[in-house]
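Okay, so here's the structure we're looking at.
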Amino acid sequence: MSTRDLGVSYGDFLAVNGVNLNFIRHEITALIGPSGCGKSTVLRCLNRMNDLVPGARVHGTVEYHGIDVYDSSVDVIELRRRVGMVFQKPNPFPKSIYENVAYGPKVTGMKPESMDDVVEKALRSAALWDEVKDKLKQNATGLSGGQQQRLCIARAIATGPDVILMDEPCSALDPIATAKIEDLMVELSEKFTIIIVTHNMQQAARVSHRTAFFTAEADEKGNRLGKLVEFDGTEQLFSNPADPRTEAYISGRFG
Ligand SMILES: Nc1ncnc2c1ncn2[C@@H]1O[C@H](COP(=O)(O)OP(=O)(O)OP(=O)(O)O)[C@@H](O)[C@H]1O
């Protein structure tokens with residue numbers, strides 16, 4: 001998956017522009033930067049979640065397996081099945097654990113031989129099966145926050161994606177639940193390409209292979225335009241950043 005000269009406006013406001021990123025298969029890419037620099041906006045472009053935001057307009061291209069995802073021929077439901085998403089706050093449906101995981105395959109018209117197998121496999125992949133296998137009919141809202149977030153990851157996995165987008169997936173979780181999700185991300189990256197927005201630089205350094213640093217700079221009218229400053233291997237970016245703005249941010253002098 002890649003972006004070329006990607007930009008997004010909300011009404012007249014150009015929020016972020018000129019983003020060129022290449023996401024490598026089976027790697028974790030972290031998008032970091034100060035608040036308002038457009039990380040979530042860029043993430044939402046990758047599976048066209050911005051289509052749901054009134055007034056949002058996307059410029060440039062997002063390519064997925066060589067296809068422009070904004071091409072009019074693209075089936076958006078199918079795109080979101082292949083490029084899944086996990087949000088900041090765990091948001092299970094007020095339904096059973098089983099139904100939460102089976103929901104995606106059902107609504108996207110998948111006809112697996114055994115839905116039970118799909119649900120079990122997804123819950124195993126999300127490292128939740130052992131904790132819930134005896135209570136699949138219970139309401140998902142009764143799970144802890146960390147379990148709910150792993151359920152949301154299982155829900156994303158169940159539709160058979162190859163890319164999983166995560167928008168600050170740990171920000172509502174305690175350190176133990178966070179550590180579990182981080183371990184899970186690393187495990188999942190063997191099978192999936194993961195793109196994560198995080199405020200937590202240590203988290204980006206711990207889990208990601210590559211990091212993109214964004215910032216927002218005010219123009220002459222005072223509008224803050226988000227831009228990509230630097231994109232590199234995580235180790236390189238954190239130990240020897242090429243741009244002084246990255247250096248200032250990661251050393252805590254800015255943002
Ligand atoms: N739905 C929207 N309507 C109008 N402006 C928006 C909308 N969503 C985001 N913006 C603006 O776009 C810019 C980028 O926002 P975005 O949420 O992508 O940044 P971010 O880097 O993810 O920030 P944070 O880390 O605080 O979540 C900000 O100026 C924000 O106010």
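Residue numbering restarts at 1 for every chain of the structure tokens, chains are lettered A, B, ... in their displayed order, and ligands are numbered from 1 as they appear.
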Each chain A residue no farther than 10 Å from ligand 1, nearest pair in Å, only C-alpha atoms and all ligand atoms, as a Markdown table:
```
| residue | atom | partner | partner_atom_place_in_ligand_line | distance |
| --- | --- | --- | --- | --- |
| A:Val8 | CA | ligand 1 | 12 (O) | 8.2 |
| A:Ser9 | CA | ligand 1 | 12 (O) | 7.8 |
| A:Tyr10 | CA | ligand 1 | 4 (C) | 4.9 |
| A:Gly11 | CA | ligand 1 | 4 (C) | 7.3 |
| A:Asp12 | CA | ligand 1 | 4 (C) | 9.4 |
| A:Phe13 | CA | ligand 1 | 5 (N) | 7.3 |
| A:Leu14 | CA | ligand 1 | 12 (O) | 7.8 |
| A:Ala15 | CA | ligand 1 | 12 (O) | 4.6 |
| A:Val16 | CA | ligand 1 | 14 (C) | 6.8 |
| A:Leu31 | CA | ligand 1 | 21 (O) | 8.7 |
| A:Ile32 | CA | ligand 1 | 21 (O) | 7.7 |
| A:Gly33 | CA | ligand 1 | 21 (O) | 6.4 |
| A:Pro34 | CA | ligand 1 | 25 (O) | 6.0 |
| A:Ser35 | CA | ligand 1 | 26 (O) | 3.6 |
| A:Gly36 | CA | ligand 1 | 19 (O) | 3.5 |
| A:Cys37 | CA | ligand 1 | 21 (O) | 3.9 |
| A:Gly38 | CA | ligand 1 | 18 (O) | 3.3 |
| A:Lys39 | CA | ligand 1 | 22 (O) | 4.0 |
| A:Ser40 | CA | ligand 1 | 22 (O) | 3.7 |
| A:Thr41 | CA | ligand 1 | 18 (O) | 3.6 |
| A:Val42 | CA | ligand 1 | 18 (O) | 6.5 |
| A:Leu43 | CA | ligand 1 | 18 (O) | 8.0 |
| A:Arg44 | CA | ligand 1 | 18 (O) | 8.4 |
| A:Asn50 | CA | ligand 1 | 1 (N) | 8.3 |
| A:Leu52 | CA | ligand 1 | 1 (N) | 9.2 |
| A:Val53 | CA | ligand 1 | 1 (N) | 5.6 |
| A:Pro54 | CA | ligand 1 | 1 (N) | 6.9 |
| A:Gly55 | CA | ligand 1 | 3 (N) | 7.1 |
| A:Ala56 | CA | ligand 1 | 1 (N) | 7.0 |
| A:Gln88 | CA | ligand 1 | 27 (O) | 9.6 |
| A:Asp167 | CA | ligand 1 | 22 (O) | 8.3 |
| A:Glu168 | CA | ligand 1 | 27 (O) | 8.4 |
| A:Val197 | CA | ligand 1 | 22 (O) | 7.4 |
| A:Thr198 | CA | ligand 1 | 25 (O) | 7.6 |
| A:His199 | CA | ligand 1 | 25 (O) | 6.4 |
| A:Phe214 | CA | ligand 1 | 21 (O) | 7.7 |
| A:Thr215 | CA | ligand 1 | 21 (O) | 8.0 |
| A:Ala216 | CA | ligand 1 | 29 (O) | 8.4 |
| A:Asn223 | CA | ligand 1 | 29 (O) | 8.4 |
| A:Arg224 | CA | ligand 1 | 29 (O) | 6.6 |
| A:Leu225 | CA | ligand 1 | 29 (O) | 7.5 |
| A:Gly226 | CA | ligand 1 | 14 (C) | 6.8 |
| A:Lys227 | CA | ligand 1 | 21 (O) | 9.9 |
```
Query raised in the report: Which residues, written as a list in words, have at least one atom at most 12 Å from Lys135 (chain A), with only C-alpha atoms counted and residues fewer than 6 positions away on the same chain left out?
Result: Ser96, Ile97, Tyr98, Glu99, Leu128, Trp129, Gly142 and Leu143 of chain A
Write the residues of the selection above to a file with N, CA and C atoms, as a PDB file, in the first residue's frame.
```
ATOM      1  N   SER A  96     -23.330 -10.400  21.359  1.00  0.00           N
ATOM      2  CA  SER A  96     -22.461 -11.416  21.973  1.00  0.00           C
ATOM      3  C   SER A  96     -21.053 -11.335  21.377  1.00  0.00           C
ATOM      4  N   ILE A  97     -20.124 -11.941  22.095  1.00  0.00           N
ATOM      5  CA  ILE A  97     -18.729 -11.992  21.626  1.00  0.00           C
ATOM      6  C   ILE A  97     -18.701 -12.653  20.242  1.00  0.00           C
ATOM      7  N   TYR A  98     -19.427 -13.764  20.129  1.00  0.00           N
ATOM      8  CA  TYR A  98     -19.467 -14.502  18.855  1.00  0.00           C
ATOM      9  C   TYR A  98     -19.995 -13.609  17.728  1.00  0.00           C
ATOM     10  N   GLU A  99     -21.120 -12.952  18.005  1.00  0.00           N
ATOM     11  CA  GLU A  99     -21.742 -12.131  16.949  1.00  0.00           C
ATOM     12  C   GLU A  99     -20.852 -10.961  16.532  1.00  0.00           C
ATOM     13  N   LEU A 128      -7.274 -13.929  22.233  1.00  0.00           N
ATOM     14  CA  LEU A 128      -8.409 -13.776  23.149  1.00  0.00           C
ATOM     15  C   LEU A 128      -9.159 -15.086  23.366  1.00  0.00           C
ATOM     16  N   TRP A 129      -8.914 -16.068  22.509  1.00  0.00           N
ATOM     17  CA  TRP A 129      -9.709 -17.295  22.523  1.00  0.00           C
ATOM     18  C   TRP A 129      -9.754 -17.945  23.912  1.00  0.00           C
ATOM     19  N   GLY A 142     -19.404  -6.772  28.439  1.00  0.00           N
ATOM     20  CA  GLY A 142     -18.988  -7.218  29.774  1.00  0.00           C
ATOM     21  C   GLY A 142     -17.500  -7.516  29.865  1.00  0.00           C
ATOM     22  N   LEU A 143     -16.794  -7.438  28.752  1.00  0.00           N
ATOM     23  CA  LEU A 143     -15.340  -7.716  28.779  1.00  0.00           C
ATOM     24  C   LEU A 143     -14.587  -6.492  29.301  1.00  0.00           C
TER      25      LEU A 143
END
```
Taking the backbone alone, and naming residues the way the document does, which bits of region 56-231 of chain A are helix (DSSP H, G or I) by DSSP, as a JSON list (two decimals) with C-alpha atoms, in the first residue's frame?
```json
[["chain", "number", "residue", "atom", "x", "y", "z"],
["A", 76, "VAL", "CA", -15.59, 0.43, -0.78],
["A", 77, "ILE", "CA", -17.11, -2.39, 1.31],
["A", 78, "GLU", "CA", -14.61, -4.83, -0.21],
["A", 79, "LEU", "CA", -11.77, -2.35, 0.39],
["A", 80, "ARG", "CA", -12.70, -2.07, 4.08],
["A", 81, "ARG", "CA", -12.89, -5.86, 4.30],
["A", 82, "ARG", "CA", -9.30, -6.05, 3.03],
["A", 97, "ILE", "CA", -18.73, -11.99, 21.63],
["A", 98, "TYR", "CA", -19.47, -14.50, 18.86],
["A", 99, "GLU", "CA", -21.74, -12.13, 16.95],
["A", 100, "ASN", "CA", -19.17, -9.35, 17.14],
["A", 101, "VAL", "CA", -16.64, -11.47, 15.30],
["A", 102, "ALA", "CA", -19.14, -13.05, 12.88],
["A", 103, "TYR", "CA", -20.63, -9.65, 12.00],
["A", 104, "GLY", "CA", -18.01, -8.59, 9.40],
["A", 105, "PRO", "CA", -18.02, -11.88, 7.47],
["A", 106, "LYS", "CA", -21.85, -11.81, 7.43],
["A", 107, "VAL", "CA", -22.33, -8.24, 6.24],
["A", 115, "MET", "CA", -18.58, -19.57, 10.79],
["A", 116, "ASP", "CA", -17.56, -21.19, 14.09],
["A", 117, "ASP", "CA", -14.12, -21.84, 12.63],
["A", 118, "VAL", "CA", -13.82, -18.27, 11.36],
["A", 119, "VAL", "CA", -14.74, -16.92, 14.81],
["A", 120, "GLU", "CA", -12.36, -19.26, 16.64],
["A", 121, "LYS", "CA", -9.48, -18.51, 14.28],
["A", 122, "ALA", "CA", -9.95, -14.74, 14.57],
["A", 123, "LEU", "CA", -10.19, -14.91, 18.37],
["A", 124, "ARG", "CA", -7.07, -17.08, 18.51],
["A", 125, "SER", "CA", -5.19, -14.67, 16.27],
["A", 129, "TRP", "CA", -9.71, -17.30, 22.52],
["A", 130, "ASP", "CA", -8.55, -18.83, 25.81],
["A", 131, "GLU", "CA", -10.20, -16.05, 27.80],
["A", 132, "VAL", "CA", -13.57, -16.17, 26.05],
["A", 140, "ALA", "CA", -19.11, -8.25, 24.59],
["A", 141, "THR", "CA", -19.67, -5.11, 26.65],
["A", 142, "GLY", "CA", -18.99, -7.22, 29.77],
["A", 145, "GLY", "CA", -11.24, -2.66, 28.07],
["A", 146, "GLY", "CA", -8.17, -4.60, 26.94],
["A", 147, "GLN", "CA", -10.27, -7.65, 26.08],
["A", 148, "GLN", "CA", -12.73, -5.46, 24.18],
["A", 149, "GLN", "CA", -9.87, -4.00, 22.15],
["A", 150, "ARG", "CA", -8.57, -7.48, 21.32],
["A", 151, "LEU", "CA", -12.15, -8.39, 20.35],
["A", 152, "CYS", "CA", -12.17, -5.42, 17.98],
["A", 153, "ILE", "CA", -8.90, -6.69, 16.52],
["A", 154, "ALA", "CA", -10.50, -10.16, 16.12],
["A", 155, "ARG", "CA", -13.48, -8.48, 14.44],
["A", 156, "ALA", "CA", -11.14, -6.79, 11.97],
["A", 157, "ILE", "CA", -9.23, -10.04, 11.34],
["A", 175, "PRO", "CA", -0.18, -0.41, 30.87],
["A", 176, "ILE", "CA", -0.77, -4.18, 31.19],
["A", 177, "ALA", "CA", -3.49, -4.23, 28.52],
["A", 178, "THR", "CA", -1.28, -1.97, 26.39],
["A", 179, "ALA", "CA", 1.66, -4.38, 26.64],
["A", 180, "LYS", "CA", -0.62, -7.24, 25.54],
["A", 181, "ILE", "CA", -1.81, -5.31, 22.48],
["A", 182, "GLU", "CA", 1.79, -4.35, 21.62],
["A", 183, "ASP", "CA", 2.87, -8.01, 21.81],
["A", 184, "LEU", "CA", -0.14, -8.91, 19.71],
["A", 185, "MET", "CA", 0.74, -6.32, 17.06],
["A", 186, "VAL", "CA", 4.22, -7.77, 16.70],
["A", 187, "GLU", "CA", 2.74, -11.29, 16.35],
["A", 188, "LEU", "CA", 0.14, -10.11, 13.86],
["A", 201, "MET", "CA", 6.83, 7.55, 20.94],
["A", 202, "GLN", "CA", 8.07, 4.70, 23.11],
["A", 203, "GLN", "CA", 5.34, 2.56, 21.63],
["A", 204, "ALA", "CA", 6.36, 3.49, 18.09],
["A", 205, "ALA", "CA", 9.98, 2.70, 18.97],
["A", 206, "ARG", "CA", 9.05, -0.62, 20.60],
["A", 207, "VAL", "CA", 6.77, -2.08, 17.95]]
```
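By chain and then residue number, the residues within 8 Å of Pro169 (chain A) are Val86, Phe87, Gln88, Lys89, Pro90, Gln149, Met166, Ala172, Ile196 and Thr198 of chain A, counting only C-alpha atoms and disregarding those fewer than 3 positions away in sequence.
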Report task. Would you mind writing down, as number ranges by chain, each residue of region 7-246 of chain A that DSSP on the backbone assigns to strand (DSSP E or B)? Result -> A: 7-10, 13-22, 28-32, 56-64, 67-68, 83-86, 96, 139, 163-167, 193-197, 210-218, 224-233
Report task. Could you check how far CA of Glu247 (chain A) sits from CA of Gly7 (chain A), in Å to one decimal? Result ->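 So the answer is 24.4 Å.
For His209 (chain A), the residues within 9 Å (counting only C-alpha atoms, excluding itself and residues fewer than 5 positions away along the chain) are Glu27, Ile28, Thr29, Ala30, Ala204, Asp232, Gly233, Thr234 and Glu235 of chain A.
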For the residues in that selection, give me C-alpha atoms as an mmCIF file, in the first residue's frame.
```
data_model
loop_
_atom_site.group_PDB
_atom_site.id
_atom_site.type_symbol
_atom_site.label_atom_id
_atom_site.label_comp_id
_atom_site.auth_asym_id
_atom_site.auth_seq_id
_atom_site.Cartn_x
_atom_site.Cartn_y
_atom_site.Cartn_z
ATOM 1 C CA GLU A 27 5.739 -4.587 8.628
ATOM 2 C CA ILE A 28 4.410 -2.240 11.283
ATOM 3 C CA THR A 29 4.524 1.408 10.258
ATOM 4 C CA ALA A 30 3.937 4.029 12.948
ATOM 5 C CA ALA A 204 6.361 3.489 18.087
ATOM 6 C CA ASP A 232 12.529 6.053 7.757
ATOM 7 C CA GLY A 233 13.382 2.831 9.552
ATOM 8 C CA THR A 234 12.298 3.288 13.180
ATOM 9 C CA GLU A 235 15.772 2.719 14.591
#
```
Requested in this report: State, in Å with one decimal place, the distance from CA of Met110 (chain A) to CA of Cys45 (chain A).
Outcome: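 Between these atoms lies a distance of 24.4 Å.
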